[in-house]
file work09.pdb (PDB, C-alpha atoms and all ligand atoms)
MODEL        1
ATOM      1  CA  MET A   1      21.457  25.096  -6.946
ATOM      2  CA  SER A   2      20.925  21.485  -7.891
ATOM      3  CA  GLY A   3      18.866  20.470 -10.862
ATOM      4  CA  ILE A   4      16.291  18.780  -8.693
ATOM      5  CA  GLN A   5      16.164  21.845  -6.482
ATOM      6  CA  MET A   6      15.785  23.990  -9.565
ATOM      7  CA  LEU A   7      13.024  21.755 -10.803
ATOM      8  CA  SER A   8      11.306  21.759  -7.469
ATOM      9  CA  LEU A   9      11.448  25.525  -7.260
ATOM     10  CA  ALA A  10      10.164  25.893 -10.811
ATOM     11  CA  ILE A  11       7.403  23.507  -9.976
ATOM     12  CA  ALA A  12       6.600  25.303  -6.769
ATOM     13  CA  ARG A  13       6.308  28.525  -8.715
ATOM     14  CA  VAL A  14       3.924  27.131 -11.269
ATOM     15  CA  THR A  15       1.951  24.766  -9.131
ATOM     16  CA  GLY A  16       1.870  25.982  -5.614
ATOM     17  CA  ILE A  17       2.637  28.394  -2.921
ATOM     18  CA  GLY A  18       5.196  31.068  -3.653
ATOM     19  CA  SER A  19       7.758  32.467  -1.292
ATOM     20  CA  GLY A  20       5.668  35.387  -0.116
ATOM     21  CA  SER A  21       3.225  33.312   1.821
ATOM     22  CA  ALA A  22       4.170  33.968   5.385
ATOM     23  CA  SER A  23       6.192  36.123   7.659
ATOM     24  CA  LEU A  24       8.206  33.126   8.594
ATOM     25  CA  SER A  25      11.851  32.544   8.479
ATOM     26  CA  LYS A  26      12.994  29.112   7.527
ATOM     27  CA  LEU A  27      13.598  29.583   3.841
ATOM     28  CA  LYS A  28      15.683  32.661   4.409
ATOM     29  CA  ASP A  29      18.249  30.570   6.137
ATOM     30  CA  THR A  30      19.217  28.485   3.144
ATOM     31  CA  ASN A  31      22.948  28.516   3.609
ATOM     32  CA  GLU A  32      24.607  26.242   1.099
ATOM     33  CA  SER A  33      26.576  24.334   3.684
ATOM     34  CA  SER A  34      28.974  21.814   2.283
ATOM     35  CA  SER A  35      28.137  19.276   4.964
ATOM     36  CA  SER A  36      27.448  16.014   3.276
ATOM     37  CA  LEU A  37      24.392  13.959   4.001
ATOM     38  CA  PRO A  38      24.978  11.062   6.338
ATOM     39  CA  ASP A  39      23.813   8.464   3.879
ATOM     40  CA  ASP A  40      24.992   5.627   6.004
ATOM     41  CA  ASP A  41      24.514   7.367   9.292
ATOM     42  CA  VAL A  42      21.409   5.575  10.472
ATOM     43  CA  THR A  43      23.386   4.153  13.348
ATOM     44  CA  SER A  44      24.570   7.509  14.650
ATOM     45  CA  PRO A  45      23.803   8.067  18.336
ATOM     46  CA  ALA A  46      21.219  10.684  17.399
ATOM     47  CA  SER A  47      19.478   8.332  14.992
ATOM     48  CA  LEU A  48      19.426   5.515  17.499
ATOM     49  CA  ARG A  49      18.055   7.773  20.184
ATOM     50  CA  LEU A  50      15.357   9.112  17.906
ATOM     51  CA  ALA A  51      14.473   5.694  16.523
ATOM     52  CA  SER A  52      13.558   4.537  19.991
ATOM     53  CA  MET A  53      11.058   7.350  20.497
ATOM     54  CA  PRO A  54       7.446   6.287  20.999
ATOM     55  CA  GLY A  55       5.410   6.258  17.823
ATOM     56  CA  SER A  56       7.672   4.177  15.608
ATOM     57  CA  THR A  57       5.365   1.670  13.994
ATOM     58  CA  ASN A  58       7.956  -0.636  12.546
ATOM     59  CA  GLY A  59      11.146  -0.181  14.534
ATOM     60  CA  GLY A  60      12.673   1.807  11.692
ATOM     61  CA  ALA A  61      14.999   4.749  12.148
ATOM     62  CA  LEU A  62      13.488   8.197  12.412
ATOM     63  CA  MET A  63      13.655   9.898   9.033
ATOM     64  CA  LEU A  64      11.624  13.085   9.441
ATOM     65  CA  GLU A  65      10.620  14.854  12.613
ATOM     66  CA  VAL A  66       7.964  17.504  12.106
ATOM     67  CA  LYS A  67       7.615  19.730  15.150
ATOM     68  CA  GLU A  68       4.863  22.315  15.579
ATOM     69  CA  VAL A  69       5.020  23.283  11.944
ATOM     70  CA  GLY A  70       2.710  25.982  10.642
ATOM     71  CA  CYS A  71       2.202  27.731   7.349
ATOM     72  CA  ALA A  72       0.086  30.696   6.294
ATOM     73  CA  LYS A  73      -1.246  32.206   3.080
ATOM     74  CA  ALA A  74       0.013  35.509   1.771
ATOM     75  CA  LYS A  75      -2.342  37.552   3.918
ATOM     76  CA  GLY A  76      -1.351  35.741   7.066
ATOM     77  CA  GLN A  77      -4.341  33.394   7.214
ATOM     78  CA  PRO A  78      -3.077  30.051   8.541
ATOM     79  CA  ILE A  79      -3.349  27.012   6.268
ATOM     80  CA  PHE A  80      -2.314  24.772   9.147
ATOM     81  CA  SER A  81      -0.524  25.228  12.435
ATOM     82  CA  ASP A  82       1.107  23.196  15.201
ATOM     83  CA  VAL A  83       1.511  20.146  12.981
ATOM     84  CA  SER A  84       3.698  17.471  14.565
ATOM     85  CA  PHE A  85       4.422  13.931  13.429
ATOM     86  CA  ASN A  86       7.338  11.633  12.702
ATOM     87  CA  VAL A  87       8.148   9.563   9.637
ATOM     88  CA  TYR A  88      10.147   6.369  10.114
ATOM     89  CA  GLU A  89      12.132   4.141   7.827
ATOM     90  CA  GLY A  90       9.731   1.749   6.114
ATOM     91  CA  ASP A  91       6.738   4.072   6.370
ATOM     92  CA  VAL A  92       4.437   4.750   3.447
ATOM     93  CA  VAL A  93       2.466   7.585   4.997
ATOM     94  CA  MET A  94      -0.767   8.396   3.179
ATOM     95  CA  LEU A  95      -1.688  12.066   3.539
ATOM     96  CA  GLN A  96      -5.373  12.681   2.935
ATOM     97  CA  GLY A  97      -7.768  15.583   3.321
ATOM     98  CA  LYS A  98     -10.174  17.768   1.421
ATOM     99  CA  SER A  99      -9.105  19.760  -1.589
ATOM    100  CA  GLY A 100      -7.469  22.960  -0.399
ATOM    101  CA  SER A 101      -6.791  21.637   3.097
ATOM    102  CA  GLY A 102      -3.039  22.110   2.715
ATOM    103  CA  LYS A 103      -1.622  18.723   1.694
ATOM    104  CA  SER A 104       0.629  20.017  -1.092
ATOM    105  CA  THR A 105       1.710  22.912   1.084
ATOM    106  CA  LEU A 106       2.727  20.537   3.845
ATOM    107  CA  LEU A 107       4.816  18.422   1.434
ATOM    108  CA  LYS A 108       6.522  21.568   0.129
ATOM    109  CA  CYS A 109       7.365  22.531   3.711
ATOM    110  CA  LEU A 110       8.894  19.082   4.244
ATOM    111  CA  ALA A 111      11.006  19.609   1.106
ATOM    112  CA  HIS A 112      11.998  23.073   2.296
ATOM    113  CA  LEU A 113      10.278  24.608  -0.724
ATOM    114  CA  ASN A 114       7.807  26.637   1.290
ATOM    115  CA  LEU A 115       8.101  29.016   4.188
ATOM    116  CA  TYR A 116       7.100  27.483   7.492
ATOM    117  CA  ASP A 117       7.159  28.072  11.193
ATOM    118  CA  GLY A 118       8.390  25.395  13.599
ATOM    119  CA  GLU A 119      11.069  22.797  12.920
ATOM    120  CA  ILE A 120      11.641  19.919  10.520
ATOM    121  CA  LEU A 121      14.520  17.527  11.104
ATOM    122  CA  TYR A 122      15.819  14.922   8.673
ATOM    123  CA  ARG A 123      17.781  12.105  10.297
ATOM    124  CA  GLY A 124      17.988  14.245  13.424
ATOM    125  CA  ARG A 125      19.404  17.370  11.763
ATOM    126  CA  ILE A 126      18.013  20.588  10.337
ATOM    127  CA  PRO A 127      17.931  20.860   6.517
ATOM    128  CA  GLN A 128      20.487  23.677   6.503
ATOM    129  CA  SER A 129      23.097  21.429   8.077
ATOM    130  CA  TYR A 130      23.142  19.325   4.897
ATOM    131  CA  GLY A 131      23.063  22.253   2.507
ATOM    132  CA  ILE A 132      19.614  22.924   1.100
ATOM    133  CA  PRO A 133      20.323  21.734  -2.477
ATOM    134  CA  LYS A 134      21.478  18.350  -1.270
ATOM    135  CA  TYR A 135      18.701  18.136   1.295
ATOM    136  CA  ARG A 136      16.157  18.570  -1.491
ATOM    137  CA  THR A 137      17.651  15.716  -3.478
ATOM    138  CA  ARG A 138      17.300  13.436  -0.443
ATOM    139  CA  VAL A 139      13.881  14.616   0.733
ATOM    140  CA  LEU A 140      12.487  14.922  -2.740
ATOM    141  CA  TYR A 141       9.183  16.493  -3.710
ATOM    142  CA  VAL A 142       7.532  15.165  -6.875
ATOM    143  CA  PRO A 143       4.844  17.520  -8.157
ATOM    144  CA  GLN A 144       1.349  16.807  -9.279
ATOM    145  CA  ARG A 145       1.531  18.723 -12.586
ATOM    146  CA  PRO A 146       4.818  18.356 -14.522
ATOM    147  CA  SER A 147       2.963  19.499 -17.661
ATOM    148  CA  LEU A 148       3.598  23.071 -16.563
ATOM    149  CA  LEU A 149       7.353  22.665 -16.954
ATOM    150  CA  PRO A 150       9.132  24.225 -19.953
ATOM    151  CA  GLY A 151      10.930  22.166 -22.642
ATOM    152  CA  THR A 152      11.034  18.383 -22.913
ATOM    153  CA  PRO A 153      11.635  15.686 -20.320
ATOM    154  CA  ARG A 154      15.072  15.032 -21.861
ATOM    155  CA  ASP A 155      16.000  18.726 -21.499
ATOM    156  CA  PHE A 156      14.899  18.487 -17.934
ATOM    157  CA  LEU A 157      16.916  15.350 -17.235
ATOM    158  CA  ASN A 158      20.022  16.855 -18.844
ATOM    159  CA  THR A 159      19.639  20.022 -16.800
ATOM    160  CA  ILE A 160      19.389  18.051 -13.610
ATOM    161  CA  LEU A 161      22.435  15.984 -14.496
ATOM    162  CA  SER A 162      24.503  19.100 -15.162
ATOM    163  CA  PHE A 163      24.334  20.088 -11.503
ATOM    164  CA  ASN A 164      26.751  18.471  -9.182
ATOM    165  CA  SER A 165      24.833  18.452  -5.922
ATOM    166  CA  LEU A 166      22.865  15.599  -7.398
ATOM    167  CA  SER A 167      24.581  12.344  -6.682
ATOM    168  CA  PRO A 168      23.204   8.888  -6.189
ATOM    169  CA  LYS A 169      23.409   7.683  -2.637
ATOM    170  CA  PRO A 170      26.660   5.795  -2.029
ATOM    171  CA  ASN A 171      24.779   2.553  -1.549
ATOM    172  CA  HIS A 172      22.730   2.977  -4.707
ATOM    173  CA  HIS A 173      24.233  -0.193  -6.143
ATOM    174  CA  LYS A 174      22.059  -2.192  -3.771
ATOM    175  CA  SER A 175      19.202   0.235  -3.757
ATOM    176  CA  GLY A 176      15.620  -0.974  -3.707
ATOM    177  CA  LEU A 177      15.100   1.583  -6.443
ATOM    178  CA  ARG A 178      17.118  -0.516  -8.886
ATOM    179  CA  ARG A 179      15.181  -2.130 -11.647
ATOM    180  CA  SER A 180      15.063  -5.865 -11.234
ATOM    181  CA  GLY A 181      17.857  -7.451 -13.242
ATOM    182  CA  ALA A 182      19.677  -4.149 -13.864
ATOM    183  CA  GLU A 183      23.440  -4.716 -14.075
ATOM    184  CA  SER A 184      24.760  -1.193 -13.882
ATOM    185  CA  PHE A 185      23.640   2.306 -13.047
ATOM    186  CA  ASP A 186      23.824   5.211 -15.479
ATOM    187  CA  PRO A 187      21.860   8.299 -14.403
ATOM    188  CA  HIS A 188      21.444   9.335 -18.050
ATOM    189  CA  THR A 189      19.568   6.180 -18.956
ATOM    190  CA  GLU A 190      18.147   4.838 -15.702
ATOM    191  CA  PRO A 191      15.103   7.183 -15.573
ATOM    192  CA  ILE A 192      14.345   6.304 -19.205
ATOM    193  CA  LEU A 193      14.548   2.590 -18.439
ATOM    194  CA  VAL A 194      12.368   2.963 -15.351
ATOM    195  CA  ALA A 195       9.794   4.862 -17.395
ATOM    196  CA  LYS A 196       9.919   2.154 -20.051
ATOM    197  CA  GLU A 197       8.946  -0.396 -17.401
ATOM    198  CA  TRP A 198       5.945   1.808 -16.764
ATOM    199  CA  GLY A 199       4.899   1.865 -20.419
ATOM    200  CA  ILE A 200       6.635   5.057 -21.591
ATOM    201  CA  ASP A 201       8.386   4.862 -24.990
ATOM    202  CA  GLU A 202      11.711   6.647 -25.217
ATOM    203  CA  GLU A 203      10.476   8.954 -28.004
ATOM    204  CA  LEU A 204       8.218  10.682 -25.466
ATOM    205  CA  TRP A 205      11.302  12.096 -23.730
ATOM    206  CA  ASP A 206      11.751  14.439 -26.716
ATOM    207  CA  ARG A 207       8.230  15.795 -26.754
ATOM    208  CA  THR A 208       7.438  18.990 -24.841
ATOM    209  CA  TRP A 209       5.819  18.464 -21.458
ATOM    210  CA  SER A 210       2.760  20.332 -22.653
ATOM    211  CA  ASN A 211       2.294  17.816 -25.486
ATOM    212  CA  LEU A 212       2.351  14.780 -23.231
ATOM    213  CA  SER A 213      -0.789  13.375 -21.708
ATOM    214  CA  GLY A 214      -1.227  13.970 -17.993
ATOM    215  CA  GLY A 215      -0.469  10.340 -17.259
ATOM    216  CA  GLU A 216       2.636  10.270 -19.477
ATOM    217  CA  GLY A 217       4.037  13.400 -17.849
ATOM    218  CA  GLN A 218       3.280  12.078 -14.406
ATOM    219  CA  ARG A 219       5.082   8.791 -15.041
ATOM    220  CA  ILE A 220       8.107  10.522 -16.562
ATOM    221  CA  ALA A 221       8.455  12.964 -13.652
ATOM    222  CA  LEU A 222       8.244  10.095 -11.226
ATOM    223  CA  ALA A 223      10.730   8.033 -13.243
ATOM    224  CA  VAL A 224      13.221  10.906 -13.012
ATOM    225  CA  ALA A 225      12.762  11.132  -9.245
ATOM    226  CA  VAL A 226      13.130   7.378  -8.829
ATOM    227  CA  GLY A 227      15.698   6.688 -11.547
ATOM    228  CA  LEU A 228      18.295   9.139 -10.269
ATOM    229  CA  GLN A 229      18.416   7.186  -7.017
ATOM    230  CA  SER A 230      19.250  10.197  -4.892
ATOM    231  CA  ALA A 231      16.057  10.245  -2.825
ATOM    232  CA  ASP A 232      15.896   8.887   0.689
ATOM    233  CA  VAL A 233      12.368  10.137   1.407
ATOM    234  CA  LEU A 234       9.989  10.684  -1.505
ATOM    235  CA  LEU A 235       7.203  13.254  -1.143
ATOM    236  CA  LEU A 236       4.607  12.323  -3.748
ATOM    237  CA  ASP A 237       1.823  14.741  -4.624
ATOM    238  CA  GLU A 238      -0.990  12.617  -6.051
ATOM    239  CA  PRO A 239       1.506  10.666  -8.182
ATOM    240  CA  THR A 240      -1.088   8.540  -9.954
ATOM    241  CA  SER A 241      -3.976  11.001 -10.241
ATOM    242  CA  ALA A 242      -3.810  10.976 -14.059
ATOM    243  CA  LEU A 243      -3.265   7.231 -14.473
ATOM    244  CA  ASP A 244      -5.620   4.385 -15.244
ATOM    245  CA  ALA A 245      -6.071   1.634 -12.676
ATOM    246  CA  ASP A 246      -3.481  -0.753 -14.157
ATOM    247  CA  ALA A 247      -0.795   1.915 -14.494
ATOM    248  CA  SER A 248      -1.504   3.078 -10.927
ATOM    249  CA  VAL A 249      -1.048  -0.388  -9.541
ATOM    250  CA  THR A 250       2.239  -0.829 -11.458
ATOM    251  CA  ILE A 251       3.601   2.350  -9.878
ATOM    252  CA  GLU A 252       2.260   1.462  -6.461
ATOM    253  CA  GLN A 253       3.930  -1.942  -6.541
ATOM    254  CA  TYR A 254       7.256  -0.544  -7.741
ATOM    255  CA  LEU A 255       7.390   2.063  -4.989
ATOM    256  CA  THR A 256       6.154  -0.038  -2.108
ATOM    257  CA  LYS A 257       8.622  -2.786  -3.028
ATOM    258  CA  ALA A 258      11.424  -0.204  -2.968
ATOM    259  CA  VAL A 259      10.495   0.916   0.555
ATOM    260  CA  ARG A 260       9.952  -2.601   1.850
ATOM    261  CA  SER A 261      13.291  -3.852   0.606
ATOM    262  CA  LYS A 262      15.015  -1.961   3.479
ATOM    263  CA  ASP A 263      18.343  -2.214   1.716
ATOM    264  CA  GLY A 264      19.497   1.361   2.044
ATOM    265  CA  GLY A 265      17.616   2.570  -1.031
ATOM    266  CA  LEU A 266      14.371   4.403  -0.566
ATOM    267  CA  SER A 267      13.623   4.754   3.148
ATOM    268  CA  ALA A 268      10.125   6.214   3.293
ATOM    269  CA  ILE A 269       7.351   7.871   1.293
ATOM    270  CA  VAL A 270       4.811  10.533   2.194
ATOM    271  CA  TRP A 271       2.082  10.153  -0.422
ATOM    272  CA  ILE A 272      -0.905  12.394  -1.046
ATOM    273  CA  THR A 273      -3.984  10.617  -2.323
ATOM    274  CA  HIS A 274      -7.687  11.259  -2.666
ATOM    275  CA  SER A 275      -8.327   7.540  -3.050
ATOM    276  CA  PRO A 276      -9.064   5.543   0.114
ATOM    277  CA  GLU A 277      -8.669   2.403  -2.015
ATOM    278  CA  GLN A 278      -5.142   3.390  -2.957
ATOM    279  CA  GLY A 279      -4.460   4.235   0.679
ATOM    280  CA  GLY A 280      -5.569   0.743   1.641
ATOM    281  CA  ARG A 281      -3.305  -0.847  -0.999
ATOM    282  CA  VAL A 282      -0.097   0.997  -0.227
ATOM    283  CA  GLY A 283      -0.298   2.833   3.096
ATOM    284  CA  THR A 284       1.349   1.723   6.306
ATOM    285  CA  ARG A 285       0.239   4.868   8.148
ATOM    286  CA  PHE A 286      -2.509   7.400   7.565
ATOM    287  CA  LEU A 287      -2.519  11.124   8.281
ATOM    288  CA  ARG A 288      -5.491  13.395   7.687
ATOM    289  CA  ILE A 289      -5.280  17.142   7.419
ATOM    290  CA  SER A 290      -8.429  19.028   8.297
ATOM    291  CA  GLU A 291      -9.329  22.391   9.736
ATOM    292  CA  GLY A 292      -5.724  23.428   9.996
ATOM    293  CA  SER A 293      -4.356  20.438  11.851
ATOM    294  CA  VAL A 294      -3.103  16.934  11.151
ATOM    295  CA  HIS A 295      -4.040  13.771  12.971
ATOM    296  CA  GLU A 296      -3.162  10.111  12.576
ATOM    297  CA  GLU A 297      -5.927   7.653  11.813
ATOM    298  CA  ASN A 298      -6.444   3.994  10.926
ATOM    299  CA  ALA A 299      -6.704   2.666   7.397
ATOM    300  CA  ASP A 300     -10.487   2.764   7.725
ATOM    301  CA  GLY A 301     -10.480   6.430   8.737
ATOM    302  CA  GLY A 302     -10.938   5.805  12.473
ATOM    303  CA  VAL A 303      -8.661   7.402  15.046
TER     304      VAL A 303
HETATM  305  N1  LIG B 401       0.639  30.638  -3.901
HETATM  306  C1  LIG B 401      -0.347  30.668  -3.019
HETATM  307  N2  LIG B 401      -0.641  31.811  -2.362
HETATM  308  C2  LIG B 401      -1.636  31.845  -1.453
HETATM  309  N3  LIG B 401      -2.371  30.776  -1.129
HETATM  310  C3  LIG B 401      -2.135  29.618  -1.749
HETATM  311  C4  LIG B 401      -1.102  29.496  -2.715
HETATM  312  N4  LIG B 401      -1.092  28.218  -3.155
HETATM  313  C5  LIG B 401      -2.061  27.580  -2.509
HETATM  314  N5  LIG B 401      -2.690  28.413  -1.664
HETATM  315  C6  LIG B 401      -3.826  28.100  -0.791
HETATM  316  O1  LIG B 401      -3.397  27.279   0.273
HETATM  317  C7  LIG B 401      -4.424  26.351   0.599
HETATM  318  C8  LIG B 401      -3.852  24.942   0.576
HETATM  319  O2  LIG B 401      -3.490  24.616  -0.772
HETATM  320  P1  LIG B 401      -2.864  23.199  -1.131
HETATM  321  O3  LIG B 401      -2.527  23.212  -2.571
HETATM  322  O4  LIG B 401      -1.785  22.900  -0.162
HETATM  323  O5  LIG B 401      -4.118  22.246  -0.842
HETATM  324  P2  LIG B 401      -4.291  20.693  -1.154
HETATM  325  O6  LIG B 401      -4.851  20.077   0.076
HETATM  326  O7  LIG B 401      -3.026  20.118  -1.676
HETATM  327  O8  LIG B 401      -5.387  20.749  -2.309
HETATM  328  P3  LIG B 401      -5.733  19.722  -3.521
HETATM  329  O9  LIG B 401      -6.211  18.445  -2.884
HETATM  330  O10 LIG B 401      -6.833  20.433  -4.233
HETATM  331  O11 LIG B 401      -4.504  19.558  -4.360
HETATM  332  C9  LIG B 401      -5.556  26.588  -0.399
HETATM  333  O12 LIG B 401      -6.533  27.408   0.210
HETATM  334  C10 LIG B 401      -4.869  27.311  -1.529
HETATM  335  O13 LIG B 401      -5.781  28.166  -2.204
ENDMDL
END
call {"tool": "encode", "arguments": {"input": "work09.pdb", "output": "structure tokens"}}
result
Amino acid sequence: MSGIQMLSLAIARVTGIGSGSASLSKLKDTNESSSSLPDDDVTSPASLRLASMPGSTNGGALMLEVKEVGCAKAKGQPIFSDVSFNVYEGDVVMLQGKSGSGKSTLLKCLAHLNLYDGEILYRGRIPQSYGIPKYRTRVLYVPQRPSLLPGTPRDFLNTILSFNSLSPKPNHHKSGLRRSGAESFDPHTEPILVAKEWGIDEELWDRTWSNLSGGEGQRIALAVAVGLQSADVLLLDEPTSALDADASVTIEQYLTKAVRSKDGGLSAIVWITHSPEQGGRVGTRFLRISEGSVHEENADGGV
């Protein structure tokens, strides 16, 4: 199990839906296939075919294909069902909806952290074909509440780095996730340097998560996800909910620049927000989850 997978599972346990939520099958089939991810495979016949499907807003390759996905609570009550949409390279998809409507659950399904019905494909292939640990480092869920993690951020980073299914994408040297002006990449220091750009002193990495402010913990968790440069699609669960306006905008600009750079770094983001203003600043597409289904709408909330 990779460190990020371990983190994500720990986070899922403390923040969200557990594994007993549905009589569904997908998580049971988590074979640890050694197939490597096709980091540079955006020109494969399958990718080209899928990229030309209707619905692509920017001509980008198809990253995620969500087909008739459903998820239920422990007692079998559906949270959502028959959810279908695609995510393309270059998309910053804002996922909005009332509290409790199922936004976090949907992101955890995309990251293969939650049981679901239906099918989710990443670059045209099922998660199992990559090996689930590696899949989760590429389609990476970043939780809303890192404060519930044990230990310190540095412990956490070291744990992640001790697992070998975590590897930066081969083209990380030109990744849009690189800090501007950075000469070299070291996974032990890069997250710390990213966090520093976001106003986090290094000494905070040695404080327990529970003794960090909500905004400090949120920025550090995000800096780990970004700084390791393994993610192709980031799944962000209210990533700036604990931040002030200036810090939010700093993060927003960093992430949207990374997606826009289209240089083989970060390909797409699915981003949960409760702020229409934030949606307007960063979103390229808008999904709303309500009454158990998901529909696409305009920036102003129209369909
Ligand atoms: N472990 C669990 N077992 C059973 N039901 C759960 C579990 N976790 C969440 N739920 C329920 O699933 C539904 C969707 O929860 P989810 O956290 O996905 O909503 P959300 O839209 O992200 O909410 P918020 O905006 O408040 O974060 C809620 O009714 C919630 O109570």
call {"tool": "atom_distance", "arguments": {"input": "work09.pdb", "atom1": "atom CA of A:Pro127", "atom2": "atom CA of A:Val139"}}
result
9.4 Å
call {"tool": "residues_near_point", "arguments": {"input": "work09.pdb", "point": "(4.2, -2.7, -0.5)", "cutoff": "9 Å", "atoms": "only C-alpha atoms", "output": "list of chain:residue names"}}
result
A:Val92, A:Glu252, A:Gln253, A:Tyr254, A:Leu255, A:Thr256, A:Lys257, A:Ala258, A:Val259, A:Arg260, A:Arg281, A:Val282, A:Gly283, A:Thr284
call {"tool": "closest_residue", "arguments": {"input": "work09.pdb", "among": "A:Thr152, A:Gln218, A:Leu228, A:Pro187", "to": "A:Glu203", "atoms": "only C-alpha atoms"}}
result
A:Thr152
call {"tool": "residues_near_ligand", "arguments": {"input": "work09.pdb", "ligand": "ligand LIG 401 (chain B)", "cutoff": "12 Å", "atoms": "all atoms listed in the file", "output": "compact mmCIF listing (two decimals) with C-alpha atoms, keeping the file's coordinate frame"}}
result
# COMPACT_ATOMS: atom_id res chain seq x y z
CA ILE A 11 7.40 23.51 -9.98
CA ALA A 12 6.60 25.30 -6.77
CA ARG A 13 6.31 28.52 -8.72
CA VAL A 14 3.92 27.13 -11.27
CA THR A 15 1.95 24.77 -9.13
CA GLY A 16 1.87 25.98 -5.61
CA ILE A 17 2.64 28.39 -2.92
CA GLY A 18 5.20 31.07 -3.65
CA SER A 19 7.76 32.47 -1.29
CA GLY A 20 5.67 35.39 -0.12
CA SER A 21 3.22 33.31 1.82
CA ALA A 22 4.17 33.97 5.38
CA CYS A 71 2.20 27.73 7.35
CA ALA A 72 0.09 30.70 6.29
CA LYS A 73 -1.25 32.21 3.08
CA ALA A 74 0.01 35.51 1.77
CA LYS A 75 -2.34 37.55 3.92
CA GLY A 76 -1.35 35.74 7.07
CA GLN A 77 -4.34 33.39 7.21
CA PRO A 78 -3.08 30.05 8.54
CA ILE A 79 -3.35 27.01 6.27
CA PHE A 80 -2.31 24.77 9.15
CA LEU A 95 -1.69 12.07 3.54
CA GLN A 96 -5.37 12.68 2.94
CA GLY A 97 -7.77 15.58 3.32
CA LYS A 98 -10.17 17.77 1.42
CA SER A 99 -9.10 19.76 -1.59
CA GLY A 100 -7.47 22.96 -0.40
CA SER A 101 -6.79 21.64 3.10
CA GLY A 102 -3.04 22.11 2.72
CA LYS A 103 -1.62 18.72 1.69
CA SER A 104 0.63 20.02 -1.09
CA THR A 105 1.71 22.91 1.08
CA LEU A 106 2.73 20.54 3.84
CA LEU A 107 4.82 18.42 1.43
CA LYS A 108 6.52 21.57 0.13
CA CYS A 109 7.36 22.53 3.71
CA LEU A 113 10.28 24.61 -0.72
CA ASN A 114 7.81 26.64 1.29
CA LEU A 115 8.10 29.02 4.19
CA PRO A 143 4.84 17.52 -8.16
CA GLN A 144 1.35 16.81 -9.28
CA ARG A 145 1.53 18.72 -12.59
CA LEU A 236 4.61 12.32 -3.75
CA ASP A 237 1.82 14.74 -4.62
CA GLU A 238 -0.99 12.62 -6.05
CA PRO A 239 1.51 10.67 -8.18
CA SER A 241 -3.98 11.00 -10.24
CA TRP A 271 2.08 10.15 -0.42
CA ILE A 272 -0.90 12.39 -1.05
CA THR A 273 -3.98 10.62 -2.32
CA HIS A 274 -7.69 11.26 -2.67
CA SER A 275 -8.33 7.54 -3.05
CA ARG A 288 -5.49 13.40 7.69
CA ILE A 289 -5.28 17.14 7.42
CA SER A 290 -8.43 19.03 8.30
CA GLU A 291 -9.33 22.39 9.74
CA GLY A 292 -5.72 23.43 10.00
CA SER A 293 -4.36 20.44 11.85
CA VAL A 294 -3.10 16.93 11.15
call {"tool": "resolve_selection", "arguments": {"input": "work09.pdb", "expression": "the PyMOL selection byres (((chain A and resi 120) around 8) and not hetatm)", "output": "ChimeraX atom specification"}}
result
/A:64-67,69,110,118-119,121-122,126-127
call {"tool": "write_last_selection", "arguments": {"input": "work09.pdb", "atoms": "C-alpha atoms", "output": "compact mmCIF listing (two decimals), keeping the file's coordinate frame"}}
result
# COMPACT_ATOMS: atom_id res chain seq x y z
CA LEU A 64 11.62 13.08 9.44
CA GLU A 65 10.62 14.85 12.61
CA VAL A 66 7.96 17.50 12.11
CA LYS A 67 7.62 19.73 15.15
CA VAL A 69 5.02 23.28 11.94
CA LEU A 110 8.89 19.08 4.24
CA GLY A 118 8.39 25.40 13.60
CA GLU A 119 11.07 22.80 12.92
CA LEU A 121 14.52 17.53 11.10
CA TYR A 122 15.82 14.92 8.67
CA ILE A 126 18.01 20.59 10.34
CA PRO A 127 17.93 20.86 6.52
call {"tool": "resolve_selection", "arguments": {"input": "work09.pdb", "expression": "the PyMOL selection byres (((chain A and resi 189) around 12) and not hetatm)", "output": "number ranges by chain"}}
result
A: 154, 157-158, 161, 179, 182, 184-188, 190-196, 202, 205, 223-224, 227-228
call {"tool": "closest_residue", "arguments": {"input": "work09.pdb", "among": "A:Ile200, A:Val142, A:Leu148, A:Ala299", "to": "A:Thr240", "atoms": "only C-alpha atoms"}}
result
A:Val142
call {"tool": "atom_distance", "arguments": {"input": "work09.pdb", "atom1": "atom CA of A:Leu287", "atom2": "atom CA of A:Asp82"}}
result
14.4 Å
call {"tool": "closest_residue", "arguments": {"input": "work09.pdb", "among": "A:Arg219, A:Met94, A:Val226, A:Phe163", "to": "A:Pro276", "atoms": "all atoms listed in the file"}}
result
A:Met94
call {"tool": "resolve_selection", "arguments": {"input": "work09.pdb", "expression": "the PyMOL selection byres (((chain A and resi 90) around 7) and not hetatm)", "output": "JSON, numbers by chain"}}
result
{"A": [60, 88, 89, 91, 92, 259, 260, 262, 267, 268]}
call {"tool": "atom_distance", "arguments": {"input": "work09.pdb", "atom1": "atom CA of A:Gly59", "atom2": "atom CA of A:Asn86"}}
result
12.5 Å
